[in-house]
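J.: Just passing along the structure, written as structure tokens.
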Amino acid sequence: MELHDVWFVLIAVLWTGYFFLEGFDFGVGVLTKLLARDRVEKRVLINTIGPVWDGNEVWLLTAGGATFAAFPDWYATLFSGFYLPLLVILVCLIVRGVAFEYRAKRPEESWQRTWETAIFWTSLIPAFLWGVAFGNIAHGVKIDRNFEYVGSLWDLFNPYALLGGLVTLTLFTFHGTVFTALKTVGEIRERARKLALKVGLVTAALAVFFLLWTQVDSGDGKSLVAMVVAVAALVAALMANQAGREGWSFALSGVTIVAAVAMLFLTLFPNVMPSSLDPDWSLTVTNASSSPYTLKIMTWLAVIATPVVMLYQGWTYWVFRKRIGTQHIAADIAH
């Protein structure tokens, strides 16, 4: 296997890790409007991801940086062609981070409601737009012979990409719902389990349609296996949720995300951005990659740094592993 193939796999792993972790992160943000009934319950939801949300976003920074260094032409075409949607995602992530930190800085109800509304929308919008972006990457976009995107903004919002956006939005919300059931106690836990069933059924319907479309459009035997795993894991997650096995449900919803993302990257390879105008104009792991020397240096750095980062983040989750509920919210900070 050539180094550019290795880095394609590594970038796929980074995006998979980001969607697994930030997926439940976004889902909990959406639940601040769908599940929480009062200010205390919103605080409980926010506290479930409070210690980890910023660490989850490191995976995005790493994936973007790795793409820039390993496949500069892929990075250039992607970030110039998808400039406005990616800018909206970036603004949302910035505002979202500020909202988490500033919500409790002042006691006025209007102040806190404003930041809570910001958390909801800046979780929902990126969850949808990431699906739109990767739907376009997998399906192919208008790239010319110079490897430049020549389509319009509205070309990105085609039926396949919009369906992809709905799948990521519902899947991340389901992932966040089972995470909430895993991390909370009391009434909010029970309501999260009930909501997970409803969201999960909608997710299953959309995901099966989207994955079948992907398989028919550009799949092979390997992507078919990934699709079957994704669908089976989602069904099993719903069953585990109904049985009250929140840990298994969360793990299986994570497997669904991993398998679905793996399927998209399997349908891509050896392309990194297919051209819908002419297959010969597609960006591939060969024509979009950096020099072998650059990839070699990056590989050694990744071998050293990646285990350290993963161990540290794993330790963070271990420290903040216990469940919380409304009884753990102090009266003076509950509102």
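Letters A, B, ... mark the chains of the structure tokens in the order given; residue numbers begin at 1 per chain; ligand numbers begin at 1, in order shown.
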What lies within 12 Å of Ser123 (chain A) using only C-alpha atoms, ignoring chain neighbours under 5 positions off, as number ranges by chain?

T.: A: 22-33, 53, 88-97, 99-100, 116-118, 128-130, 168-170, 172-173, 176

J.: Identify, on the basis of only C-alpha atoms, every residue whose closest approach to Val141 (chain A) does not exceed 8 Å; exclude the query and any residue fewer than 4 positions from it along the same chain; express the result as a list in words.

T.: Asn136, Ile137, Tyr149, Gly151, Leu156, Met273, Pro274, Ser275, Ser276 and Leu277 of chain A

J.: With C-alpha atoms retained, export the selected residues as a JSON list (two decimals), in the first residue's frame.

T.:
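Wrote it out as result.json, contents follow:
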[["chain", "number", "residue", "atom", "x", "y", "z"],
["A", 136, "ASN", "CA", -21.70, 15.90, -2.60],
["A", 137, "ILE", "CA", -18.20, 14.49, -2.11],
["A", 149, "TYR", "CA", -15.15, 23.36, -8.90],
["A", 151, "GLY", "CA", -20.72, 24.56, -10.20],
["A", 156, "LEU", "CA", -24.59, 21.53, -3.83],
["A", 273, "MET", "CA", -13.56, 14.07, -5.19],
["A", 274, "PRO", "CA", -15.25, 12.56, -8.25],
["A", 275, "SER", "CA", -16.07, 14.85, -11.18],
["A", 276, "SER", "CA", -19.64, 14.65, -12.44],
["A", 277, "LEU", "CA", -18.53, 16.27, -15.71]]

J.: Check the smallest atom-to-atom distance from each of A:Gly200, A:Gly254, A:Gly186, A:Gly314 to Glu41 (chain A) using only C-alpha atoms, then report the winner.

T.: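 Ranked by minimum distance to Glu41 (chain A), first place goes to A:Gly186.
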
J.: Could you give me the residues within region 132-213 of chain A that DSSP places in helix (DSSP H, G or I), as a count of residues only?

T.: 63

J.: I'd like to know which of A:Ser282, A:Trp74, A:Leu224, A:Glu101 is closest to Phe8 (chain A), using only C-alpha atoms.

T.: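 Residue with the minimum atom-to-atom distance to Phe8 (chain A): A:Trp74.
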
J.: Which is closest to Glu190 (chain A) among A:Ile11, A:Leu283, A:Val228, A:Ala243, if we use only C-alpha atoms?

T.: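 Of the candidates, the smallest distance to Glu190 (chain A) is held by A:Ala243.
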